[in-house]
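K.L.:
Take a look at this one; I'll ask things after.
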Amino acid sequence: MKITVCIGSSCHIKGSRQVVARLQSLIEEHKLGEKVELGGTFCMGKCQQGVCVTVDGEFFSVNADEVDSFFNDTVLAHA
């Protein structure tokens, strides 16, 4: 599974650093390092929609407060 988080200017201001840090922690906590690849990218072109995240190409908008539920509902459900 490949998770990509936008680290461009707009998403950075909206908390992409916190989203990445929390995803790293959750991947480690659940011992998914071999199954989940976490990467960053610059602008995905949907700046107004919050921190842009894709999981295997599927788009999500995630803020720092939603990372845990996003991880549980999306990542763990498909891992």
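Just remember, in the structure tokens the first chain shown is A, the second B, etc., residues are 1-based per chain, and ligands are 1-based in the order shown.
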Which residues are near region 12-24 of chain A? Cut-off 7 Å, only C-alpha atoms, ignore same chain within fewer than 4 positions. Put them as a list of chain:residue names.
P.N.:
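Using only C-alpha atoms, the neighbours found are A:Val5, A:Cys6, A:Ile7, A:Gly8, A:Glu28, A:Gly50, A:Val51, A:Asn63, A:Ala64, A:Val67.
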K.L.:
Find, counting only C-alpha atoms, the residue in A:Met44, A:Cys11, A:Met1, A:Cys52 that gets nearest to Ile27 (chain A).
P.N.:
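Ranking A:Met44, A:Cys11, A:Met1, A:Cys52 by distance to Ile27 (chain A), first place goes to A:Met1.
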K.L.:
Report, in Å to a single decimal, how far apart CA of Lys35 (chain A) and CA of Phe59 (chain A) are.
P.N.:
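Between CA of Phe59 (chain A) and CA of Lys35 (chain A) the gap works out to 19.2 Å.
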